[in-house]
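**Student:** Pasting a structure here, questions to come.
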Amino acid sequence: QEQIAESGGGSVQPGGSLRISCRTSGIPTEAYSIGWFRQVPGKGREPLACLSTQGGSPFYNNAAKGRFTISIDSAKSTAYLQMDNLKVEDTGVYSCAVERLATAQAMGLGRDEPDYWGQGTQVAVSS
């Protein structure tokens, strides 16, 4: 059975860093993209960063460019989102998703709905 589990959320001060993790299991293909999405109250879920297990360029939206870095450790079946220079507006629920047979760009542009979602992890940035 497919499972996705996020971890590593928490509270951090503005300007600080945090790394969140997404462990996957049971995905029935080795070719998929993993994406990190953020949702804040009153707004829709936005794609922040996506990366394919097959290589290629990652996708970052404008909010993530230059501050966030997505990576995949295939041996651990785990994706990471390194977040630096965090801002108060980065506060939200961060969810990990998997989309089979998709490129990182396609996943980030939302051409299709991801196949699997995690439960999310809360990130709070405040002084």
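The way I read the labels, and the way they are meant: chains A, B, ... in the order of the structure tokens, residue 1 as the first residue of every chain, and ligand 1 as the first ligand shown, with later ones counted on from there.
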Quick one: everything within 12 Å of Arg67 (chain A), counting only C-alpha atoms, minus sequence neighbours fewer than 3 positions away in the same chain. Send it as a VMD selection string.
**Tutor:** chain A and resid 15 to 19 48 to 49 60 to 64 70 81 to 87 90
**Student:** Could you take the residues named above and write them with N, CA and C atoms, as a short mmCIF file (atom, residue, chain, number, x, y, z; two decimals), in the first residue's frame?
**Tutor:**
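The result, stored in result_24.cif:
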data_model
loop_
_atom_site.label_atom_id
_atom_site.label_comp_id
_atom_site.auth_asym_id
_atom_site.auth_seq_id
_atom_site.Cartn_x
_atom_site.Cartn_y
_atom_site.Cartn_z
N GLY A 15 14.13 34.33 9.36
CA GLY A 15 15.54 34.25 9.02
C GLY A 15 16.16 32.91 9.30
N GLY A 16 15.45 32.05 10.00
CA GLY A 16 15.97 30.74 10.35
C GLY A 16 15.78 29.72 9.24
N SER A 17 16.22 28.49 9.54
CA SER A 17 16.15 27.40 8.56
C SER A 17 15.43 26.20 9.15
N LEU A 18 14.91 25.38 8.27
CA LEU A 18 14.22 24.17 8.68
C LEU A 18 14.29 23.19 7.52
N ARG A 19 14.45 21.92 7.83
CA ARG A 19 14.40 20.89 6.80
C ARG A 19 13.28 19.92 7.12
N LEU A 48 5.26 24.36 -4.21
CA LEU A 48 6.48 25.09 -3.91
C LEU A 48 7.67 24.55 -4.71
N ALA A 49 7.85 23.25 -4.68
CA ALA A 49 9.02 22.65 -5.31
C ALA A 49 8.69 21.21 -5.70
N TYR A 60 10.52 25.17 -9.08
CA TYR A 60 10.31 26.02 -7.90
C TYR A 60 9.34 27.12 -8.27
N ASN A 61 8.43 27.44 -7.38
CA ASN A 61 7.61 28.61 -7.65
C ASN A 61 8.36 29.84 -7.14
N ASN A 62 7.81 31.01 -7.40
CA ASN A 62 8.52 32.26 -7.08
C ASN A 62 8.79 32.39 -5.59
N ALA A 63 7.88 31.86 -4.77
CA ALA A 63 8.06 31.98 -3.32
C ALA A 63 9.23 31.14 -2.82
N ALA A 64 9.54 30.07 -3.54
CA ALA A 64 10.58 29.14 -3.10
C ALA A 64 11.95 29.40 -3.73
N ILE A 70 14.87 21.43 -2.95
CA ILE A 70 14.29 20.09 -2.87
C ILE A 70 15.35 19.08 -3.29
N LEU A 81 12.92 19.00 1.87
CA LEU A 81 12.80 20.40 1.48
C LEU A 81 13.60 21.21 2.50
N GLN A 82 14.73 21.72 2.06
CA GLN A 82 15.55 22.59 2.89
C GLN A 82 15.05 24.01 2.72
N MET A 83 14.66 24.64 3.80
CA MET A 83 14.09 25.98 3.74
C MET A 83 14.99 26.93 4.53
N ASP A 84 15.51 27.92 3.84
CA ASP A 84 16.41 28.90 4.46
C ASP A 84 15.78 30.29 4.40
N ASN A 85 16.28 31.17 5.25
CA ASN A 85 15.79 32.55 5.28
C ASN A 85 14.26 32.58 5.35
N LEU A 86 13.72 31.83 6.28
CA LEU A 86 12.27 31.72 6.39
C LEU A 86 11.64 33.04 6.79
N LYS A 87 10.43 33.26 6.26
CA LYS A 87 9.68 34.48 6.52
C LYS A 87 8.36 34.14 7.21
N ASP A 90 5.81 32.29 5.29
CA ASP A 90 6.03 30.89 4.98
C ASP A 90 5.24 29.97 5.91
#
**Student:** Which residues are near Ile4 (chain A)? Cut-off 9 Å, only C-alpha atoms, ignore same chain within fewer than 6 positions. Put them as number ranges by chain.
**Tutor:** A: 22-26, 96-98, 116-119
**Student:** Deliver the residues from the most recent selection as a file, using all heavy atoms, as an mmCIF file, in the first residue's frame.
**Tutor:**
data_model
loop_
_atom_site.group_PDB
_atom_site.id
_atom_site.type_symbol
_atom_site.label_atom_id
_atom_site.label_comp_id
_atom_site.auth_asym_id
_atom_site.auth_seq_id
_atom_site.Cartn_x
_atom_site.Cartn_y
_atom_site.Cartn_z
ATOM 1 N N CYS A 22 10.030 13.795 3.642
ATOM 2 C CA CYS A 22 8.877 13.068 3.098
ATOM 3 C C CYS A 22 9.328 11.663 2.746
ATOM 4 O O CYS A 22 10.078 11.464 1.786
ATOM 5 C CB CYS A 22 8.349 13.789 1.868
ATOM 6 S SG CYS A 22 7.117 12.861 0.932
ATOM 7 N N ARG A 23 8.882 10.702 3.534
ATOM 8 C CA ARG A 23 9.259 9.316 3.282
ATOM 9 C C ARG A 23 8.155 8.621 2.532
ATOM 10 O O ARG A 23 6.981 8.691 2.926
ATOM 11 C CB ARG A 23 9.551 8.580 4.589
ATOM 12 C CG ARG A 23 10.217 7.239 4.364
ATOM 13 C CD ARG A 23 10.694 6.601 5.653
ATOM 14 N NE ARG A 23 11.553 5.451 5.402
ATOM 15 C CZ ARG A 23 11.136 4.271 4.989
ATOM 16 N NH1 ARG A 23 9.855 4.066 4.788
ATOM 17 N NH2 ARG A 23 11.988 3.292 4.792
ATOM 18 N N THR A 24 8.505 7.948 1.447
ATOM 19 C CA THR A 24 7.510 7.251 0.633
ATOM 20 C C THR A 24 7.737 5.745 0.703
ATOM 21 O O THR A 24 8.858 5.272 0.926
ATOM 22 C CB THR A 24 7.592 7.695 -0.827
ATOM 23 O OG1 THR A 24 8.846 7.270 -1.379
ATOM 24 C CG2 THR A 24 7.481 9.204 -0.970
ATOM 25 N N SER A 25 6.677 5.012 0.527
ATOM 26 C CA SER A 25 6.780 3.553 0.448
ATOM 27 C C SER A 25 5.622 3.020 -0.389
ATOM 28 O O SER A 25 4.546 3.635 -0.442
ATOM 29 C CB SER A 25 6.766 2.917 1.846
ATOM 30 O OG SER A 25 5.563 3.195 2.509
ATOM 31 N N GLY A 26 5.856 1.914 -1.053
ATOM 32 C CA GLY A 26 4.798 1.259 -1.803
ATOM 33 C C GLY A 26 4.424 1.917 -3.114
ATOM 34 O O GLY A 26 3.423 1.533 -3.730
ATOM 35 N N CYS A 96 3.432 16.765 1.215
ATOM 36 C CA CYS A 96 4.213 16.098 0.181
ATOM 37 C C CYS A 96 3.263 15.289 -0.696
ATOM 38 O O CYS A 96 2.292 14.702 -0.195
ATOM 39 C CB CYS A 96 5.236 15.188 0.857
ATOM 40 S SG CYS A 96 6.261 14.245 -0.263
ATOM 41 N N ALA A 97 3.529 15.269 -1.980
ATOM 42 C CA ALA A 97 2.697 14.509 -2.902
ATOM 43 C C ALA A 97 3.568 13.783 -3.911
ATOM 44 O O ALA A 97 4.701 14.182 -4.179
ATOM 45 C CB ALA A 97 1.717 15.436 -3.623
ATOM 46 N N VAL A 98 3.014 12.728 -4.456
ATOM 47 C CA VAL A 98 3.692 11.938 -5.487
ATOM 48 C C VAL A 98 2.808 11.865 -6.722
ATOM 49 O O VAL A 98 1.597 11.606 -6.617
ATOM 50 C CB VAL A 98 3.997 10.516 -4.973
ATOM 51 C CG1 VAL A 98 4.390 9.599 -6.132
ATOM 52 C CG2 VAL A 98 5.097 10.544 -3.930
ATOM 53 N N TYR A 116 -0.831 10.580 -4.914
ATOM 54 C CA TYR A 116 -0.805 10.286 -3.482
ATOM 55 C C TYR A 116 -0.401 11.536 -2.712
ATOM 56 O O TYR A 116 0.450 12.296 -3.161
ATOM 57 C CB TYR A 116 0.197 9.158 -3.188
ATOM 58 C CG TYR A 116 0.111 7.986 -4.142
ATOM 59 C CD1 TYR A 116 1.101 7.766 -5.090
ATOM 60 C CD2 TYR A 116 -0.965 7.109 -4.088
ATOM 61 C CE1 TYR A 116 1.034 6.715 -5.978
ATOM 62 C CE2 TYR A 116 -1.044 6.040 -4.972
ATOM 63 C CZ TYR A 116 -0.045 5.854 -5.921
ATOM 64 O OH TYR A 116 -0.134 4.792 -6.797
ATOM 65 N N TRP A 117 -1.000 11.661 -1.506
ATOM 66 C CA TRP A 117 -0.709 12.803 -0.645
ATOM 67 C C TRP A 117 -0.374 12.326 0.768
ATOM 68 O O TRP A 117 -0.925 11.342 1.249
ATOM 69 C CB TRP A 117 -1.935 13.709 -0.541
ATOM 70 C CG TRP A 117 -2.222 14.504 -1.765
ATOM 71 C CD1 TRP A 117 -3.058 14.174 -2.794
ATOM 72 C CD2 TRP A 117 -1.684 15.789 -2.088
ATOM 73 N NE1 TRP A 117 -3.063 15.160 -3.735
ATOM 74 C CE2 TRP A 117 -2.233 16.163 -3.339
ATOM 75 C CE3 TRP A 117 -0.795 16.650 -1.453
ATOM 76 C CZ2 TRP A 117 -1.930 17.382 -3.959
ATOM 77 C CZ3 TRP A 117 -0.484 17.864 -2.065
ATOM 78 C CH2 TRP A 117 -1.048 18.212 -3.305
ATOM 79 N N GLY A 118 0.506 13.080 1.404
ATOM 80 C CA GLY A 118 0.748 12.866 2.814
ATOM 81 C C GLY A 118 -0.221 13.686 3.638
ATOM 82 O O GLY A 118 -1.034 14.445 3.088
ATOM 83 N N GLN A 119 -0.114 13.556 4.952
ATOM 84 C CA GLN A 119 -1.035 14.257 5.861
ATOM 85 C C GLN A 119 -0.623 15.699 6.109
ATOM 86 O O GLN A 119 -1.444 16.512 6.525
ATOM 87 C CB GLN A 119 -1.105 13.505 7.190
ATOM 88 C CG GLN A 119 -1.758 12.136 7.088
ATOM 89 C CD GLN A 119 -3.190 12.216 6.621
ATOM 90 O OE1 GLN A 119 -3.994 12.971 7.162
ATOM 91 N NE2 GLN A 119 -3.531 11.452 5.589
#
**Student:** Identify, on the basis of only C-alpha atoms, every residue whose closest approach to Glu113 (chain A) does not exceed 12 Å; exclude the query and any residue fewer than 5 positions from it along the same chain; express the result as a ChimeraX atom specification.
**Tutor:** /A:33,35,45,47,97-100,102,106-108
**Student:** Go ahead and save the picked residues with all heavy atoms, as a short mmCIF file (atom, residue, chain, number, x, y, z; two decimals), in the first residue's frame.
**Tutor:**
data_model
loop_
_atom_site.label_atom_id
_atom_site.label_comp_id
_atom_site.auth_asym_id
_atom_site.auth_seq_id
_atom_site.Cartn_x
_atom_site.Cartn_y
_atom_site.Cartn_z
N SER A 33 7.43 11.97 -9.74
CA SER A 33 7.90 13.23 -9.19
C SER A 33 7.33 13.40 -7.79
O SER A 33 6.21 12.96 -7.50
CB SER A 33 7.46 14.41 -10.06
OG SER A 33 8.28 14.51 -11.21
N GLY A 35 6.53 16.32 -4.93
CA GLY A 35 6.33 17.75 -4.80
C GLY A 35 6.00 18.16 -3.38
O GLY A 35 5.38 17.40 -2.63
N ARG A 45 -4.00 25.56 -2.02
CA ARG A 45 -2.71 24.89 -1.87
C ARG A 45 -1.82 25.27 -3.04
O ARG A 45 -2.22 25.17 -4.19
CB ARG A 45 -2.95 23.39 -1.81
CG ARG A 45 -1.74 22.57 -1.49
CD ARG A 45 -2.13 21.20 -0.98
NE ARG A 45 -3.10 20.55 -1.82
CZ ARG A 45 -3.80 19.48 -1.45
NH1 ARG A 45 -3.61 18.96 -0.26
NH2 ARG A 45 -4.67 18.93 -2.27
N PRO A 47 1.93 24.83 -5.11
CA PRO A 47 3.12 24.01 -5.28
C PRO A 47 4.37 24.84 -5.05
O PRO A 47 4.50 25.93 -5.60
CB PRO A 47 3.02 23.55 -6.73
CG PRO A 47 2.26 24.63 -7.42
CD PRO A 47 1.32 25.21 -6.39
N ALA A 97 3.53 15.27 -1.98
CA ALA A 97 2.70 14.51 -2.90
C ALA A 97 3.57 13.78 -3.91
O ALA A 97 4.70 14.18 -4.18
CB ALA A 97 1.72 15.44 -3.62
N VAL A 98 3.01 12.73 -4.46
CA VAL A 98 3.69 11.94 -5.49
C VAL A 98 2.81 11.87 -6.72
O VAL A 98 1.60 11.61 -6.62
CB VAL A 98 4.00 10.52 -4.97
CG1 VAL A 98 4.39 9.60 -6.13
CG2 VAL A 98 5.10 10.54 -3.93
N GLU A 99 3.40 12.12 -7.87
CA GLU A 99 2.66 12.00 -9.13
C GLU A 99 3.45 11.06 -10.04
O GLU A 99 4.61 11.33 -10.41
CB GLU A 99 2.49 13.35 -9.79
CG GLU A 99 1.57 13.32 -11.01
CD GLU A 99 1.25 14.72 -11.51
OE1 GLU A 99 1.30 15.67 -10.71
OE2 GLU A 99 0.94 14.84 -12.71
N ARG A 100 2.82 9.96 -10.39
CA ARG A 100 3.50 8.95 -11.20
C ARG A 100 3.70 9.45 -12.63
O ARG A 100 2.85 10.13 -13.19
CB ARG A 100 2.68 7.66 -11.23
CG ARG A 100 2.60 6.97 -9.88
CD ARG A 100 1.66 5.78 -9.95
NE ARG A 100 0.30 6.21 -10.25
CZ ARG A 100 -0.69 5.37 -10.50
NH1 ARG A 100 -0.47 4.07 -10.51
NH2 ARG A 100 -1.89 5.82 -10.74
N ALA A 102 5.29 11.71 -14.05
CA ALA A 102 5.21 13.15 -14.34
C ALA A 102 6.59 13.77 -14.23
O ALA A 102 7.41 13.36 -13.41
CB ALA A 102 4.26 13.83 -13.37
N ALA A 106 5.78 19.53 -15.01
CA ALA A 106 4.36 19.23 -15.17
C ALA A 106 3.66 19.19 -13.82
O ALA A 106 2.55 19.67 -13.66
CB ALA A 106 4.18 17.91 -15.91
N MET A 107 4.34 18.59 -12.83
CA MET A 107 3.72 18.51 -11.51
C MET A 107 3.58 19.90 -10.91
O MET A 107 2.55 20.24 -10.34
CB MET A 107 4.57 17.63 -10.59
CG MET A 107 3.90 17.36 -9.26
SD MET A 107 4.89 16.29 -8.23
CE MET A 107 3.70 15.90 -6.95
N GLY A 108 4.61 20.72 -11.04
CA GLY A 108 4.55 22.05 -10.47
C GLY A 108 3.51 22.93 -11.14
O GLY A 108 2.91 23.80 -10.50
#
**Student:** Pick out each residue of chain A that DSSP on the backbone tags as alpha helix (DSSP H); I need them as a list in words.
**Tutor:**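 Selection result, alpha helix (DSSP H) within chain A: Ala104, Gln105, Ala106, Met107, Gly108 and Leu109 of chain A.
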**Student:** Using only C-alpha atoms, determine which residues lie at most 10 Å from Thr91 (chain A), disregarding the query and same-chain residues fewer than 5 positions distant; provide the list as an MDAnalysis selection string.
**Tutor:** chainID A and resid 10:12 38:41 86 122:126
**Student:** Could you tell me which of A:Phe68, A:Glu2, A:Tyr80, A:Tyr32 comes closest to Ser95 (chain A) if we count only C-alpha atoms?
**Tutor:**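 Selected residue with least distance to Ser95 (chain A): A:Tyr80.
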**Student:** Name the residues in contact with Leu101 (chain A) at a cut-off of 12 Å, using only C-alpha atoms, excluding same-chain residues fewer than 5 positions from it; report them as a PDB file with N, CA and C atoms, in the first residue's frame.
**Tutor:**
ATOM      1  N   ILE A  27       5.204   2.905  -3.571  1.00  0.00           N
ATOM      2  CA  ILE A  27       4.880   3.544  -4.852  1.00  0.00           C
ATOM      3  C   ILE A  27       5.146   2.528  -5.961  1.00  0.00           C
ATOM      4  N   PRO A  28       4.149   2.226  -6.794  1.00  0.00           N
ATOM      5  CA  PRO A  28       4.268   1.116  -7.755  1.00  0.00           C
ATOM      6  C   PRO A  28       5.040   1.450  -9.021  1.00  0.00           C
ATOM      7  N   THR A  29       5.956   2.391  -8.953  1.00  0.00           N
ATOM      8  CA  THR A  29       6.813   2.707 -10.085  1.00  0.00           C
ATOM      9  C   THR A  29       8.023   3.450  -9.557  1.00  0.00           C
ATOM     10  N   GLU A  30       9.141   3.346 -10.265  1.00  0.00           N
ATOM     11  CA  GLU A  30      10.323   4.103  -9.865  1.00  0.00           C
ATOM     12  C   GLU A  30      10.369   5.465 -10.526  1.00  0.00           C
ATOM     13  N   ALA A  31       9.462   5.693 -11.470  1.00  0.00           N
ATOM     14  CA  ALA A  31       9.453   6.955 -12.209  1.00  0.00           C
ATOM     15  C   ALA A  31       8.300   7.817 -11.709  1.00  0.00           C
ATOM     16  N   TYR A  32       8.624   8.757 -10.862  1.00  0.00           N
ATOM     17  CA  TYR A  32       7.593   9.673 -10.377  1.00  0.00           C
ATOM     18  C   TYR A  32       8.235  10.974  -9.936  1.00  0.00           C
ATOM     19  N   SER A  33       7.431  11.968  -9.742  1.00  0.00           N
ATOM     20  CA  SER A  33       7.895  13.231  -9.189  1.00  0.00           C
ATOM     21  C   SER A  33       7.334  13.403  -7.791  1.00  0.00           C
ATOM     22  N   ILE A  34       8.125  13.999  -6.962  1.00  0.00           N
ATOM     23  CA  ILE A  34       7.702  14.352  -5.609  1.00  0.00           C
ATOM     24  C   ILE A  34       7.588  15.858  -5.527  1.00  0.00           C
ATOM     25  N   LEU A  51      10.432  17.599  -7.850  1.00  0.00           N
ATOM     26  CA  LEU A  51      11.631  16.981  -8.399  1.00  0.00           C
ATOM     27  C   LEU A  51      11.293  15.570  -8.848  1.00  0.00           C
ATOM     28  N   SER A  52      11.840  15.172  -9.988  1.00  0.00           N
ATOM     29  CA  SER A  52      11.583  13.843 -10.515  1.00  0.00           C
ATOM     30  C   SER A  52      12.652  12.851 -10.054  1.00  0.00           C
ATOM     31  N   THR A  53      12.253  11.621  -9.813  1.00  0.00           N
ATOM     32  CA  THR A  53      13.217  10.562  -9.482  1.00  0.00           C
ATOM     33  C   THR A  53      14.077  10.203 -10.685  1.00  0.00           C
ATOM     34  N   GLN A  54      13.663  10.645 -11.861  1.00  0.00           N
ATOM     35  CA  GLN A  54      14.407  10.350 -13.094  1.00  0.00           C
ATOM     36  C   GLN A  54      15.407  11.445 -13.450  1.00  0.00           C
ATOM     37  N   ALA A 106       5.780  19.532 -15.011  1.00  0.00           N
ATOM     38  CA  ALA A 106       4.358  19.228 -15.173  1.00  0.00           C
ATOM     39  C   ALA A 106       3.664  19.186 -13.816  1.00  0.00           C
ATOM     40  N   MET A 107       4.337  18.589 -12.833  1.00  0.00           N
ATOM     41  CA  MET A 107       3.724  18.512 -11.514  1.00  0.00           C
ATOM     42  C   MET A 107       3.580  19.904 -10.906  1.00  0.00           C
ATOM     43  N   ASP A 112      -1.951  17.757 -13.823  1.00  0.00           N
ATOM     44  CA  ASP A 112      -2.779  16.670 -13.314  1.00  0.00           C
ATOM     45  C   ASP A 112      -2.745  16.697 -11.786  1.00  0.00           C
ATOM     46  N   PRO A 114      -1.935  15.120  -8.307  1.00  0.00           N
ATOM     47  CA  PRO A 114      -1.027  14.073  -7.823  1.00  0.00           C
ATOM     48  C   PRO A 114      -1.788  12.814  -7.406  1.00  0.00           C
ATOM     49  N   ASP A 115      -1.074  11.692  -7.460  1.00  0.00           N
ATOM     50  CA  ASP A 115      -1.710  10.410  -7.165  1.00  0.00           C
ATOM     51  C   ASP A 115      -1.816  10.133  -5.673  1.00  0.00           C
TER      52      ASP A 115
END
**Student:** Give me, as a ChimeraX atom specification, the residues of region 7-119 of chain A that a backbone DSSP run labels strand (DSSP E).
**Tutor:** /A:7,10-12,18-25,32-39,46-52,59-60,68-73,78-83,92-100,116-117
**Student:** Quick one: of A:Ala75, A:Gly92, A:Gly110, A:Pro14, who's nearest to Gly42 (chain A), counting only C-alpha atoms?
**Tutor:**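 Comparing A:Ala75, A:Gly92, A:Gly110, A:Pro14 against Gly42 (chain A), the winner is A:Gly92.
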**Student:** Could you check how far CA of Gly9 (chain A) sits from CA of Cys50 (chain A), in Å to one decimal?
**Tutor:** 18.3 Å
**Student:** Measuring atom to atom with only C-alpha atoms, identify which of A:Gln13, A:Thr121, A:Ser21, A:Gln1 is nearest to Val93 (chain A).
**Tutor:**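 Comparing A:Gln13, A:Thr121, A:Ser21, A:Gln1 against Val93 (chain A), the winner is A:Thr121.
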